Structures are given as structure tokens and as C-alpha cells.
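Here is the structure we will look at.
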Amino acid sequence: MIEMKNSPSGKINLDEVKREMLVRKDELENELAELASEKISTDQVLDPGDQASTSSLEALRSSLQNNEFEEYTRIIGALEMIENGTYGICLECDVAIAEKRLHAYPNASRCVACQEAYEEKQEM
Ligand SMILES: [Zn+2]
């Protein structure tokens with residue numbers, strides 16, 4: 001039985017976040033493993049007359065794999081940050097990073113303002 005914990009509003013429940021991330025990590029690991037094994041079986045049954053659709057399917061599959069791998073990398077990074085106690089805290093100004101941003105980029109290490117300033121500096 002799962003006990004539902006109510007976290008005080010505004011405060012991120014790290015245990016909850018971590019638990020969700022571990023679930024997502026497992027899902028992504030399974031999906032990536034599945035994608036990898038599908039790729040092998042497609043190569044084995046490759047029909048020369050069907051190469052066009054196979055390669056577009058392959059492209060779709062690899063972009064899917066890239067997206068999932070990217071998400072996977074972010075989750076790994078975020079889990080490390082939770083361990084280090086730096087998760088959700090801006091590296092530059094020590095302000096809590098918006099939950100919405102963390103949802104899209106769990107391993108975000110800067111708040112939006114600092115990230116923009118950082119990227120501007122990189123471009124110069
Ligand atoms: Zn900041």
C-alpha cells in the first residue's frame with residue numbers, strides 16, 4: 001500500500017521527486033533496450049524492396065531513441081544532484097528553480113534568468 005504524502009505547497013518533496021524519477025528511469029531503460037533490440041531484428045529481416053520505408057522507420061526510431069536517451073541523461077543528472085543536495089537550486093543565485101522548469105529539465109542547474117545570462121556569455 002502506497003501512503004500518499006502531502007508536501008507543503010511550494011516546497012519540493014525530494015523523496016517523491018526521486019521516487020518518480022527512478023520509475024521514469026526504469027521505464028526509459030526498458031524502452032531504450034526495446035528500441036535497441038528492435039533495431040537488430042529489423043536489420044536481420046531487411047527486405048531489399050522495402051528499403052525506403054525501413055530507413056524512414058529507422059530515422060524515426062533513432063530520433064525517438066535520441067529523445068529518450070536525452071531524457072534518460074537528464075534524469076541521471078538530476079538524481080546525482082538530489083544526492084549532492086544541489087537539485088532544484090540555482091548554481092548562480094541560490095534561488096529555488098521553478099518547478100515547471102524542473103519538470104522539463106530535471107537536471108537544470110540554473111534558474112531561467114541565470115541560464116539566459118549564462119548562454120549569452122557563452123555566445124560572446
Ligand atoms: Zn539564478
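Ordered as shown in the C-alpha cells, chains take letters A, B, and onward, while each chain numbers its residues from 1 and ligands are numbered from 1 in the order shown.
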* To do: Write out as a list in words each polymer residue (protein, DNA or RNA) that has an atom no more than 10 Å from ligand 1, with only C-alpha atoms and all ligand atoms counted.
  =>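 Here is the list of contacting residues: Ile89, Cys90, Leu91, Glu92, Cys93, Asp94, Val95, Ala96, Ile97, Ser109, Arg110, Cys111, Val112, Ala113, Cys114, Gln115, Glu116, Ala117 and Tyr118 of chain A.
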Segment 48-101 of chain A near segment 21-33 of chain A within 8 Å: what's each residue's closest atom pair and its distance in Å to one decimal, counting only C-alpha atoms, ordered by chain then ascending residue number, as JSON lines?
```
{"residue": "A:Gln65", "atom": "CA", "partner": "A:Leu32", "partner_atom": "CA", "distance": 6.5}
{"residue": "A:Glu68", "atom": "CA", "partner": "A:Leu28", "partner_atom": "CA", "distance": 6.5}
{"residue": "A:Phe69", "atom": "CA", "partner": "A:Leu32", "partner_atom": "CA", "distance": 7.3}
{"residue": "A:Tyr72", "atom": "CA", "partner": "A:Lys25", "partner_atom": "CA", "distance": 6.3}
{"residue": "A:Ile75", "atom": "CA", "partner": "A:Met21", "partner_atom": "CA", "distance": 6.4}
{"residue": "A:Ile76", "atom": "CA", "partner": "A:Lys25", "partner_atom": "CA", "distance": 7.8}
{"residue": "A:Leu79", "atom": "CA", "partner": "A:Met21", "partner_atom": "CA", "distance": 7.5}
```
* To do: Could you jot down the atom CA of Thr86 of chain A to atom CA of Gln122 of chain A separation for me, Å, one decimal place?
  =>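 Atom-to-atom, atom CA of Thr86 of chain A and atom CA of Gln122 of chain A are spaced 22.6 Å apart.
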* Residue with smallest distance to Ala36 of chain A - pool A:Asn66, A:Tyr87, A:Arg74, A:Lys121, counting only C-alpha atoms ->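 Using only C-alpha atoms, the shortest distance to Ala36 of chain A belongs to A:Asn66.
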* Gap from atom CA of Glu34 of chain A to atom CA of Ser53 of chain A - Å, one decimal ->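 Those two atoms sit 20.0 Å apart.
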